[in-house]
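Accompanying notes for the structure given below.
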Amino acid sequence: MAMPTTEIWKEIAHEFWNTWNFPNCIGAIDGKHIVIQAPPKSGSQFFNYKKTFSVVLLALVDAQYNFIAVDIGSYDKNSDGGILAHSKFGKALDEGKLNIPDDTELPGTTNKAPYVIVGDEAFPLKRNLLRPFPGKQLDDDVKRIFNYRLSRARRCSENVFGILVQKFRIYNRRIQSKLENVDKIVLATCVLHNFIKKHENTVSTYKHSTEINNISTTTQVSTLENMPAQGGNATQQAFAVREIYKTFFSSSAGSVSWQNLKI
């Protein structure tokens, strides 16, 4: 999972527009609880609201359900937004060090907008990270349309977890392993998921093969790093970016025929 280049980000954005009708989108982000055996002497640290012990898999995915970046091992008391905020990926996002392309015109318009990641309410609103309008602000159809269009693209991050569970049945039970090994197991499934997706037209079964066995674990890189959670406030610039997308989705250039039926 090497850091994408500017051209790869553009390809990802192109796929989101063609597949999910969301322009300038470079990924959808979400978190999933991985149920584990209670780590020794951890107390309630890994105990979550579902009354199980778990670590969080935070994932950024593309429009075709491939993992772009993952963070593994944070525990439930850290929110998804908090995990991102102090991670290597989150800091690089804030500092403009992710090779993200320059702002570009939205399709069919002369209005420029930044490339963005889409997430749910657990994530903060930033210049390059969009979240939906909260329920108490849904006072007009334009905002509800924005939420629908964002949710439609964001579902990629939810769907990929379902695909991952179907491929690797280890997720259907509690993982009984040392904490450090849990992280490696989960990372391995994410890497294999991408590999299988890339070669699914030529690999008909999941049997062991020389090609699969030759994947080097020494080159595995977790783009995100575990850090303590911390919230943040949206800037006026972030609000302005969301307004640009909100207006676009209700314009003739950005609307889709069925969106009014979905709100």
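Every chain in the structure tokens takes a letter, A first, then B, and so on in the order presented; its residues are numbered from 1, and the ligands are numbered from 1 following the presented order.
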Residues at most 10 Å from stretch 53-57 of chain A, counting only C-alpha atoms, excluding those fewer than 5 positions away in the same chain, as a CSV table (one decimal) with N, CA and C atoms, in the first residue's frame?
```csv
chain,number,residue,atom,x,y,z
A,30,ASP,N,-13.7,4.7,6.6
A,30,ASP,CA,-14.6,4.3,7.7
A,30,ASP,C,-13.8,3.3,8.5
A,31,GLY,N,-14.4,2.9,9.7
A,31,GLY,CA,-13.8,2.0,10.6
A,31,GLY,C,-14.6,0.8,10.9
A,32,LYS,N,-14.0,-0.3,11.2
A,32,LYS,CA,-14.7,-1.6,11.5
A,32,LYS,C,-14.1,-2.2,12.8
A,33,HIS,N,-14.9,-2.7,13.7
A,33,HIS,CA,-14.5,-3.4,14.8
A,33,HIS,C,-14.1,-4.9,14.5
A,34,ILE,N,-12.9,-5.2,14.9
A,34,ILE,CA,-12.4,-6.6,14.7
A,34,ILE,C,-12.5,-7.3,16.1
A,35,VAL,N,-13.3,-8.3,16.3
A,35,VAL,CA,-13.5,-8.9,17.6
A,35,VAL,C,-12.3,-9.8,17.9
A,36,ILE,N,-11.8,-9.6,19.1
A,36,ILE,CA,-10.6,-10.3,19.5
A,36,ILE,C,-10.8,-10.9,20.9
A,37,GLN,N,-9.9,-11.8,21.2
A,37,GLN,CA,-9.8,-12.3,22.6
A,37,GLN,C,-9.2,-11.2,23.5
A,38,ALA,N,-9.8,-11.0,24.7
A,38,ALA,CA,-9.3,-9.9,25.6
A,38,ALA,C,-7.8,-10.0,25.8
A,39,PRO,N,-7.1,-9.0,25.5
A,39,PRO,CA,-5.6,-9.0,25.7
A,39,PRO,C,-5.3,-9.1,27.2
A,44,SER,N,-10.4,-2.8,30.7
A,44,SER,CA,-11.5,-2.5,29.8
A,44,SER,C,-11.1,-1.7,28.6
A,45,GLN,N,-9.8,-1.6,28.4
A,45,GLN,CA,-9.2,-0.8,27.3
A,45,GLN,C,-9.8,-1.1,25.9
A,46,PHE,N,-9.9,-2.4,25.7
A,46,PHE,CA,-10.4,-2.9,24.3
A,46,PHE,C,-11.8,-3.3,24.3
A,47,PHE,N,-12.6,-3.0,25.4
A,47,PHE,CA,-14.0,-3.4,25.6
A,47,PHE,C,-14.8,-2.3,24.9
A,48,ASN,N,-15.7,-2.7,24.0
A,48,ASN,CA,-16.5,-1.7,23.2
A,48,ASN,C,-17.9,-1.7,23.6
A,70,VAL,N,-4.6,1.7,5.4
A,70,VAL,CA,-5.3,1.2,6.6
A,70,VAL,C,-4.5,1.5,7.9
A,71,ASP,N,-5.3,1.6,8.9
A,71,ASP,CA,-4.7,1.7,10.3
A,71,ASP,C,-5.4,0.6,11.1
A,72,ILE,N,-4.5,-0.2,11.8
A,72,ILE,CA,-5.0,-1.4,12.5
A,72,ILE,C,-4.5,-1.3,14.0
A,73,GLY,N,-5.4,-1.6,14.9
A,73,GLY,CA,-5.0,-1.9,16.3
A,73,GLY,C,-5.5,-0.8,17.3
A,74,SER,N,-6.0,0.3,16.8
A,74,SER,CA,-6.6,1.2,17.8
A,74,SER,C,-7.8,0.6,18.5
A,75,TYR,N,-8.0,1.1,19.7
A,75,TYR,CA,-9.1,0.5,20.4
A,75,TYR,C,-10.3,1.4,20.5
A,76,ASP,N,-11.4,0.8,21.0
A,76,ASP,CA,-12.8,1.4,20.9
A,76,ASP,C,-12.9,2.8,21.4
A,77,LYS,N,-12.2,3.1,22.5
A,77,LYS,CA,-12.3,4.4,23.1
A,77,LYS,C,-11.8,5.6,22.2
A,78,ASN,N,-11.1,5.2,21.1
A,78,ASN,CA,-10.7,6.2,20.1
A,78,ASN,C,-11.7,6.2,19.0
A,79,SER,N,-12.3,7.4,18.7
A,79,SER,CA,-13.2,7.5,17.6
A,79,SER,C,-12.5,7.4,16.3
A,80,ASP,N,-13.3,7.1,15.2
A,80,ASP,CA,-12.7,7.0,13.9
A,80,ASP,C,-12.0,8.3,13.5
A,83,ILE,N,-8.8,8.6,15.6
A,83,ILE,CA,-7.7,7.8,15.1
A,83,ILE,C,-7.0,8.4,13.9
A,161,PHE,N,-15.9,-3.8,3.8
A,161,PHE,CA,-15.8,-4.6,5.0
A,161,PHE,C,-16.6,-5.9,4.8
A,174,ARG,N,-14.2,-14.7,17.0
A,174,ARG,CA,-13.3,-14.0,17.7
A,174,ARG,C,-11.9,-14.4,17.4
A,175,ILE,N,-11.0,-13.5,17.1
A,175,ILE,CA,-9.6,-13.8,16.7
A,175,ILE,C,-8.9,-14.1,18.0
A,179,LEU,N,-2.0,-9.6,20.6
A,179,LEU,CA,-2.4,-8.4,20.0
A,179,LEU,C,-1.6,-8.0,18.8
A,182,VAL,N,-2.6,-10.0,15.9
A,182,VAL,CA,-3.9,-9.6,15.3
A,182,VAL,C,-3.7,-8.6,14.2
A,183,ASP,N,-2.8,-7.6,14.5
A,183,ASP,CA,-2.6,-6.5,13.6
A,183,ASP,C,-2.0,-7.1,12.3
A,186,VAL,N,-4.8,-9.0,10.3
A,186,VAL,CA,-5.7,-8.1,9.6
A,186,VAL,C,-5.1,-7.5,8.4
A,187,LEU,N,-3.8,-7.0,8.6
A,187,LEU,CA,-3.1,-6.4,7.5
A,187,LEU,C,-2.9,-7.3,6.3
A,190,CYS,N,-6.0,-7.6,4.3
A,190,CYS,CA,-6.2,-6.4,3.5
A,190,CYS,C,-5.3,-6.4,2.2
```
So that I can check the surroundings of stretch 153-158 of chain A, please list as an mmCIF file with N, CA and C atoms, in the first residue's frame every protein, DNA and RNA residue that reaches within 7 Å of it, counting only C-alpha atoms and ignoring chain neighbours fewer than 3 positions away.
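Wrote it out as selection-v2.cif, contents follow:
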```
data_model
loop_
_atom_site.group_PDB
_atom_site.id
_atom_site.type_symbol
_atom_site.label_atom_id
_atom_site.label_comp_id
_atom_site.auth_asym_id
_atom_site.auth_seq_id
_atom_site.Cartn_x
_atom_site.Cartn_y
_atom_site.Cartn_z
ATOM 1 N N TRP A 20 -19.906 6.391 -9.084
ATOM 2 C CA TRP A 20 -20.758 6.844 -7.981
ATOM 3 C C TRP A 20 -21.212 8.294 -8.112
ATOM 4 N N PHE A 22 -19.683 11.093 -7.951
ATOM 5 C CA PHE A 22 -19.110 12.035 -7.004
ATOM 6 C C PHE A 22 -17.779 12.520 -7.568
ATOM 7 N N ALA A 28 -13.037 6.820 0.134
ATOM 8 C CA ALA A 28 -14.050 6.787 1.196
ATOM 9 C C ALA A 28 -13.410 6.148 2.420
ATOM 10 N N ILE A 29 -13.707 6.696 3.595
ATOM 11 C CA ILE A 29 -13.034 6.244 4.815
ATOM 12 C C ILE A 29 -14.050 5.814 5.870
ATOM 13 N N ASP A 30 -13.734 4.747 6.592
ATOM 14 C CA ASP A 30 -14.611 4.255 7.655
ATOM 15 C C ASP A 30 -13.822 3.292 8.537
ATOM 16 N N LEU A 60 -9.161 3.469 4.182
ATOM 17 C CA LEU A 60 -9.470 4.356 3.060
ATOM 18 C C LEU A 60 -9.528 3.484 1.819
ATOM 19 N N VAL A 61 -10.633 3.529 1.081
ATOM 20 C CA VAL A 61 -10.827 2.634 -0.061
ATOM 21 C C VAL A 61 -11.190 3.436 -1.305
ATOM 22 N N ALA A 63 -13.070 3.497 -5.393
ATOM 23 C CA ALA A 63 -14.414 3.242 -5.913
ATOM 24 C C ALA A 63 -14.638 1.797 -6.307
ATOM 25 N N TYR A 65 -13.512 -0.781 -4.428
ATOM 26 C CA TYR A 65 -13.387 -1.568 -3.202
ATOM 27 C C TYR A 65 -11.977 -2.099 -2.955
ATOM 28 N N VAL A 118 -14.382 11.181 1.502
ATOM 29 C CA VAL A 118 -15.727 11.242 2.079
ATOM 30 C C VAL A 118 -15.814 10.292 3.273
ATOM 31 N N GLY A 119 -16.452 10.768 4.341
ATOM 32 C CA GLY A 119 -16.613 9.973 5.548
ATOM 33 C C GLY A 119 -17.945 10.258 6.209
ATOM 34 N N ARG A 149 -25.891 12.114 -1.790
ATOM 35 C CA ARG A 149 -24.810 11.895 -2.755
ATOM 36 C C ARG A 149 -23.516 11.507 -2.053
ATOM 37 N N LEU A 150 -23.247 12.121 -0.907
ATOM 38 C CA LEU A 150 -22.056 11.756 -0.141
ATOM 39 C C LEU A 150 -22.185 10.331 0.393
ATOM 40 N N PHE A 161 -15.857 -3.810 3.802
ATOM 41 C CA PHE A 161 -15.759 -4.647 4.993
ATOM 42 C C PHE A 161 -16.595 -5.919 4.836
#
```
Practice item. Write down as a ChimeraX atom specification the residues belonging to stretch 7-235 of chain A that are assigned helix (DSSP H, G or I) by DSSP computed on the backbone. Key: /A:7-20,80-85,88-95,135-137,141-167,169-172,179-199,210-213,217-219
Sort by chain and increasing residue number a table of all residues of stretch 1-32 of chain A within 8 Å of stretch 97-116 of chain A, each with its closest pair of atoms and their distance in Å to one decimal, counting only C-alpha atoms, and write it as a tab-separated table.
```
residue	atom	partner	partner_atom	distance
A:Met3	CA	A:Leu98	CA	7.3
A:Pro4	CA	A:Asn99	CA	7.3
A:Thr5	CA	A:Asn99	CA	5.8
A:Thr6	CA	A:Asn99	CA	5.1
A:Glu7	CA	A:Pro101	CA	7.9
A:Trp9	CA	A:Ile100	CA	6.6
A:Lys10	CA	A:Pro101	CA	7.2
A:Ala13	CA	A:Tyr115	CA	7.9
A:Pro23	CA	A:Leu106	CA	6.6
A:Asn24	CA	A:Tyr115	CA	4.6
A:Cys25	CA	A:Val116	CA	5.0
A:Ile26	CA	A:Val116	CA	5.9
A:Gly27	CA	A:Val116	CA	7.4
```
Dump as a JSON list (two decimals), in the first residue's frame, selection limited to all heavy atoms:
```
[["chain", "number", "residue", "atom", "x", "y", "z"],
["A", 3, "MET", "N", 2.11, 5.01, -0.98],
["A", 3, "MET", "CA", 1.40, 6.27, -1.10],
["A", 3, "MET", "C", 1.07, 6.54, -2.57],
["A", 3, "MET", "O", 1.96, 6.51, -3.42],
["A", 3, "MET", "CB", 2.26, 7.41, -0.55],
["A", 3, "MET", "CG", 1.55, 8.75, -0.55],
["A", 3, "MET", "SD", 0.21, 8.80, 0.64],
["A", 3, "MET", "CE", 1.16, 8.75, 2.17],
["A", 4, "PRO", "N", -0.19, 6.80, -2.91],
["A", 4, "PRO", "CA", -0.55, 7.06, -4.31],
["A", 4, "PRO", "C", 0.15, 8.31, -4.85],
["A", 4, "PRO", "O", 0.38, 9.27, -4.12],
["A", 4, "PRO", "CB", -2.07, 7.26, -4.25],
["A", 4, "PRO", "CG", -2.51, 6.55, -3.02],
["A", 4, "PRO", "CD", -1.38, 6.73, -2.04],
["A", 5, "THR", "N", 0.46, 8.27, -6.12],
["A", 5, "THR", "CA", 0.99, 9.45, -6.80],
["A", 5, "THR", "C", -0.16, 10.36, -7.19],
["A", 5, "THR", "O", -1.33, 9.99, -7.10],
["A", 5, "THR", "CB", 1.75, 9.03, -8.06],
["A", 5, "THR", "OG1", 0.83, 8.41, -8.97],
["A", 5, "THR", "CG2", 2.87, 8.05, -7.73],
["A", 6, "THR", "N", 0.18, 11.55, -7.67],
["A", 6, "THR", "CA", -0.86, 12.49, -8.12],
["A", 6, "THR", "C", -1.71, 11.87, -9.22],
["A", 6, "THR", "O", -2.94, 12.02, -9.22],
["A", 6, "THR", "CB", -0.20, 13.79, -8.63],
["A", 6, "THR", "OG1", 0.52, 14.40, -7.56],
["A", 6, "THR", "CG2", -1.25, 14.76, -9.14],
["A", 7, "GLU", "N", -1.08, 11.16, -10.14],
["A", 7, "GLU", "CA", -1.83, 10.55, -11.24],
["A", 7, "GLU", "C", -2.76, 9.45, -10.75],
["A", 7, "GLU", "O", -3.87, 9.30, -11.25],
["A", 7, "GLU", "CB", -0.86, 10.00, -12.29],
["A", 7, "GLU", "CG", -0.13, 11.08, -13.08],
["A", 7, "GLU", "CD", -1.10, 12.06, -13.73],
["A", 7, "GLU", "OE1", -2.08, 11.61, -14.33],
["A", 7, "GLU", "OE2", -0.85, 13.27, -13.63],
["A", 9, "TRP", "N", -4.16, 9.33, -7.76],
["A", 9, "TRP", "CA", -5.29, 10.01, -7.13],
["A", 9, "TRP", "C", -6.30, 10.44, -8.19],
["A", 9, "TRP", "O", -7.53, 10.33, -7.98],
["A", 9, "TRP", "CB", -4.81, 11.22, -6.34],
["A", 9, "TRP", "CG", -4.14, 10.98, -5.02],
["A", 9, "TRP", "CD1", -2.93, 11.50, -4.63],
["A", 9, "TRP", "CD2", -4.61, 10.22, -3.90],
["A", 9, "TRP", "NE1", -2.63, 11.09, -3.35],
["A", 9, "TRP", "CE2", -3.63, 10.32, -2.87],
["A", 9, "TRP", "CE3", -5.76, 9.47, -3.67],
["A", 9, "TRP", "CZ2", -3.78, 9.69, -1.64],
["A", 9, "TRP", "CZ3", -5.90, 8.83, -2.44],
["A", 9, "TRP", "CH2", -4.93, 8.94, -1.44],
["A", 10, "LYS", "N", -5.82, 10.95, -9.30],
["A", 10, "LYS", "CA", -6.72, 11.40, -10.37],
["A", 10, "LYS", "C", -7.51, 10.22, -10.95],
["A", 10, "LYS", "O", -8.70, 10.35, -11.27],
["A", 10, "LYS", "CB", -5.93, 12.10, -11.47],
["A", 10, "LYS", "CG", -5.41, 13.48, -11.07],
["A", 10, "LYS", "CD", -4.66, 14.13, -12.23],
["A", 10, "LYS", "CE", -4.17, 15.53, -11.86],
["A", 10, "LYS", "NZ", -3.43, 16.18, -12.98],
["A", 13, "ALA", "N", -10.23, 9.36, -8.51],
["A", 13, "ALA", "CA", -11.30, 10.36, -8.61],
["A", 13, "ALA", "C", -12.15, 10.12, -9.86],
["A", 13, "ALA", "O", -13.38, 10.27, -9.82],
["A", 13, "ALA", "CB", -10.70, 11.76, -8.63],
["A", 23, "PRO", "N", -17.67, 13.81, -7.91],
["A", 23, "PRO", "CA", -16.45, 14.32, -8.55],
["A", 23, "PRO", "C", -15.34, 14.60, -7.54],
["A", 23, "PRO", "O", -15.59, 14.84, -6.35],
["A", 23, "PRO", "CB", -16.93, 15.63, -9.19],
["A", 23, "PRO", "CG", -18.00, 16.12, -8.25],
["A", 23, "PRO", "CD", -18.70, 14.87, -7.75],
["A", 24, "ASN", "N", -14.12, 14.57, -8.03],
["A", 24, "ASN", "CA", -12.94, 14.94, -7.22],
["A", 24, "ASN", "C", -12.83, 14.14, -5.92],
["A", 24, "ASN", "O", -12.25, 14.62, -4.95],
["A", 24, "ASN", "CB", -12.96, 16.43, -6.89],
["A", 24, "ASN", "CG", -12.78, 17.31, -8.10],
["A", 24, "ASN", "OD1", -12.85, 16.86, -9.23],
["A", 24, "ASN", "ND2", -12.53, 18.60, -7.88],
["A", 25, "CYS", "N", -13.36, 12.94, -5.89],
["A", 25, "CYS", "CA", -13.31, 12.11, -4.68],
["A", 25, "CYS", "C", -12.14, 11.14, -4.79],
["A", 25, "CYS", "O", -12.04, 10.38, -5.76],
["A", 25, "CYS", "CB", -14.61, 11.35, -4.49],
["A", 25, "CYS", "SG", -14.64, 10.30, -3.01],
["A", 26, "ILE", "N", -11.26, 11.16, -3.80],
["A", 26, "ILE", "CA", -10.06, 10.31, -3.83],
["A", 26, "ILE", "C", -10.13, 9.17, -2.82],
["A", 26, "ILE", "O", -9.13, 8.52, -2.57],
["A", 26, "ILE", "CB", -8.79, 11.14, -3.61],
["A", 26, "ILE", "CG1", -8.86, 11.92, -2.30],
["A", 26, "ILE", "CG2", -8.54, 12.06, -4.80],
["A", 26, "ILE", "CD1", -7.57, 12.65, -1.94],
["A", 27, "GLY", "N", -11.30, 8.93, -2.25],
["A", 27, "GLY", "CA", -11.43, 7.80, -1.34],
["A", 27, "GLY", "C", -12.56, 7.96, -0.36],
["A", 27, "GLY", "O", -13.01, 9.07, -0.07]]
```
Check your understanding: Which polymer residues have any atom within 12 Å of an atom of A:Leu138, counting only C-alpha atoms, with same-chain residues fewer than 5 positions away left out, as a list in words?
Key ->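 Near neighbours after the sequence-gap exclusion: Pro132, Phe133, Lys143, Arg144, Ile145, Phe146, Asn147, Tyr148 and Ile263 of chain A.
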Can you write out the residues you just picked, keeping C-alpha atoms, as a CSV table (one decimal), in the first residue's frame?
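Result file follows (result-v4.csv):
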```
chain,number,residue,atom,x,y,z
A,132,PRO,CA,-22.6,15.0,5.9
A,133,PHE,CA,-24.7,17.8,7.3
A,143,LYS,CA,-28.6,19.7,2.1
A,144,ARG,CA,-30.5,16.4,2.0
A,145,ILE,CA,-29.4,15.9,-1.6
A,146,PHE,CA,-25.8,16.5,-0.6
A,147,ASN,CA,-26.1,14.0,2.2
A,148,TYR,CA,-27.5,11.4,-0.1
A,263,ILE,CA,-34.5,12.3,0.1
```
Exercise for review: Grab the atom CA of A:Arg169 to atom CA of A:Leu192 distance for me, in Å with one decimal place.
Suggested key: 13.4 Å
Would you return as a compact mmCIF listing (two decimals) with N, CA and C atoms, in the first residue's frame the members of stretch 45-91 of chain A that DSSP assigns to strand (DSSP E or B) on this structure's backbone?
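Listing of states.txt after writing:
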```txt
# COMPACT_ATOMS: atom_id res chain seq x y z
N PHE A 47 -12.55 -2.99 25.44
CA PHE A 47 -13.96 -3.36 25.57
C PHE A 47 -14.82 -2.29 24.92
N PHE A 53 -14.58 -7.43 23.03
CA PHE A 53 -13.25 -6.83 22.95
C PHE A 53 -12.88 -6.72 21.47
N SER A 54 -12.32 -5.59 21.09
CA SER A 54 -12.04 -5.41 19.67
C SER A 54 -10.93 -4.39 19.44
N VAL A 55 -10.36 -4.46 18.23
CA VAL A 55 -9.50 -3.40 17.72
C VAL A 55 -10.19 -2.84 16.49
N VAL A 56 -9.78 -1.66 16.08
CA VAL A 56 -10.44 -0.99 14.97
C VAL A 56 -9.56 -1.05 13.72
N LEU A 57 -10.19 -1.46 12.62
CA LEU A 57 -9.57 -1.37 11.30
C LEU A 57 -10.13 -0.12 10.64
N LEU A 58 -9.30 0.91 10.49
CA LEU A 58 -9.69 2.14 9.81
C LEU A 58 -9.15 2.07 8.40
N ALA A 59 -10.02 2.24 7.40
CA ALA A 59 -9.61 2.00 6.03
C ALA A 59 -10.05 3.11 5.09
N LEU A 60 -9.16 3.47 4.18
CA LEU A 60 -9.47 4.36 3.06
C LEU A 60 -9.53 3.48 1.82
N VAL A 61 -10.63 3.53 1.08
CA VAL A 61 -10.83 2.63 -0.06
C VAL A 61 -11.19 3.44 -1.30
N PHE A 67 -8.33 -1.39 -0.96
CA PHE A 67 -7.77 -0.62 0.15
C PHE A 67 -6.66 0.29 -0.36
N ILE A 68 -6.72 1.57 -0.01
CA ILE A 68 -5.65 2.52 -0.33
C ILE A 68 -4.71 2.65 0.85
N ALA A 69 -5.28 2.76 2.06
CA ALA A 69 -4.48 2.90 3.29
C ALA A 69 -5.28 2.31 4.45
N VAL A 70 -4.59 1.74 5.43
CA VAL A 70 -5.27 1.16 6.59
C VAL A 70 -4.53 1.52 7.87
N ASP A 71 -5.28 1.60 8.95
CA ASP A 71 -4.73 1.70 10.30
C ASP A 71 -5.36 0.57 11.11
N ILE A 72 -4.55 -0.20 11.80
CA ILE A 72 -5.04 -1.37 12.52
C ILE A 72 -4.55 -1.33 13.96
N GLY A 73 -5.43 -1.65 14.89
CA GLY A 73 -5.00 -1.85 16.25
C GLY A 73 -5.49 -0.84 17.25
N SER A 74 -6.04 0.29 16.81
CA SER A 74 -6.58 1.25 17.76
C SER A 74 -7.78 0.64 18.46
N TYR A 75 -8.04 1.08 19.68
CA TYR A 75 -9.13 0.45 20.44
C TYR A 75 -10.35 1.35 20.48
```
Check your understanding: For the atom pair atom CA of A:Ile170 and atom CA of A:Asn194, what is the interatomic distance in Å to one decimal place?
Key ->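 Atom-to-atom, atom CA of A:Ile170 and atom CA of A:Asn194 are spaced 17.2 Å apart.
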Check your understanding: Skipping near chain neighbours, those fewer than 3 positions away, what residues fall within 7 Å of stretch 240-251 of chain A using only C-alpha atoms, listed as a list in words?
Key ->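 The neighbour list is Ala113, Arg127, Leu130, Val142, Lys143, Phe146, Gln236, Gln237, Gly254 and Ser255 of chain A.
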For the residues in the current selection, export N, CA, C and O atoms as a PDB file, in the first residue's frame.
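Now in again_30.pdb:
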```pdb
ATOM      1  N   ALA A 113     -12.796  23.050  -7.255  1.00  0.00           N
ATOM      2  CA  ALA A 113     -12.999  22.483  -5.920  1.00  0.00           C
ATOM      3  C   ALA A 113     -11.837  21.554  -5.600  1.00  0.00           C
ATOM      4  O   ALA A 113     -11.247  20.955  -6.503  1.00  0.00           O
ATOM      5  N   ARG A 127     -10.843  20.654   4.708  1.00  0.00           N
ATOM      6  CA  ARG A 127     -10.801  21.083   3.306  1.00  0.00           C
ATOM      7  C   ARG A 127     -10.796  19.885   2.367  1.00  0.00           C
ATOM      8  O   ARG A 127     -11.419  19.921   1.297  1.00  0.00           O
ATOM      9  N   LEU A 130     -14.801  15.498   3.568  1.00  0.00           N
ATOM     10  CA  LEU A 130     -16.200  15.894   3.668  1.00  0.00           C
ATOM     11  C   LEU A 130     -16.982  14.937   4.549  1.00  0.00           C
ATOM     12  O   LEU A 130     -16.791  13.719   4.487  1.00  0.00           O
ATOM     13  N   VAL A 142     -31.690  20.824  -0.556  1.00  0.00           N
ATOM     14  CA  VAL A 142     -30.327  20.905  -1.107  1.00  0.00           C
ATOM     15  C   VAL A 142     -29.344  20.197  -0.182  1.00  0.00           C
ATOM     16  O   VAL A 142     -28.456  19.467  -0.640  1.00  0.00           O
ATOM     17  N   LYS A 143     -29.491  20.383   1.123  1.00  0.00           N
ATOM     18  CA  LYS A 143     -28.614  19.719   2.080  1.00  0.00           C
ATOM     19  C   LYS A 143     -28.892  18.221   2.125  1.00  0.00           C
ATOM     20  O   LYS A 143     -27.965  17.417   2.253  1.00  0.00           O
ATOM     21  N   PHE A 146     -27.229  16.668  -0.834  1.00  0.00           N
ATOM     22  CA  PHE A 146     -25.793  16.523  -0.587  1.00  0.00           C
ATOM     23  C   PHE A 146     -25.520  15.295   0.273  1.00  0.00           C
ATOM     24  O   PHE A 146     -24.608  14.507  -0.028  1.00  0.00           O
ATOM     25  N   GLN A 236     -13.555  27.707   8.425  1.00  0.00           N
ATOM     26  CA  GLN A 236     -14.468  28.347   7.483  1.00  0.00           C
ATOM     27  C   GLN A 236     -14.201  27.859   6.063  1.00  0.00           C
ATOM     28  O   GLN A 236     -15.122  27.729   5.259  1.00  0.00           O
ATOM     29  N   GLN A 237     -12.934  27.572   5.756  1.00  0.00           N
ATOM     30  CA  GLN A 237     -12.598  27.053   4.434  1.00  0.00           C
ATOM     31  C   GLN A 237     -13.254  25.694   4.195  1.00  0.00           C
ATOM     32  O   GLN A 237     -13.745  25.417   3.100  1.00  0.00           O
ATOM     33  N   GLY A 254     -24.474  18.831 -12.021  1.00  0.00           N
ATOM     34  CA  GLY A 254     -24.114  17.797 -11.053  1.00  0.00           C
ATOM     35  C   GLY A 254     -25.235  16.918 -10.566  1.00  0.00           C
ATOM     36  O   GLY A 254     -24.989  15.919  -9.878  1.00  0.00           O
ATOM     37  N   SER A 255     -26.476  17.239 -10.880  1.00  0.00           N
ATOM     38  CA  SER A 255     -27.602  16.446 -10.366  1.00  0.00           C
ATOM     39  C   SER A 255     -27.748  15.142 -11.136  1.00  0.00           C
ATOM     40  O   SER A 255     -27.292  15.002 -12.271  1.00  0.00           O
TER      41      SER A 255
END
```
Study note, to complete from the structure: In Å and to one decimal, atom CA of A:Phe16 is distant from atom CA of A:Asn159 by 14.5 Å
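Closest approach to A:Arg152 from the set A:Tyr171, A:Trp17, A:Phe123, A:Phe195 is made by A:Trp17, with distances taken over only C-alpha atoms.
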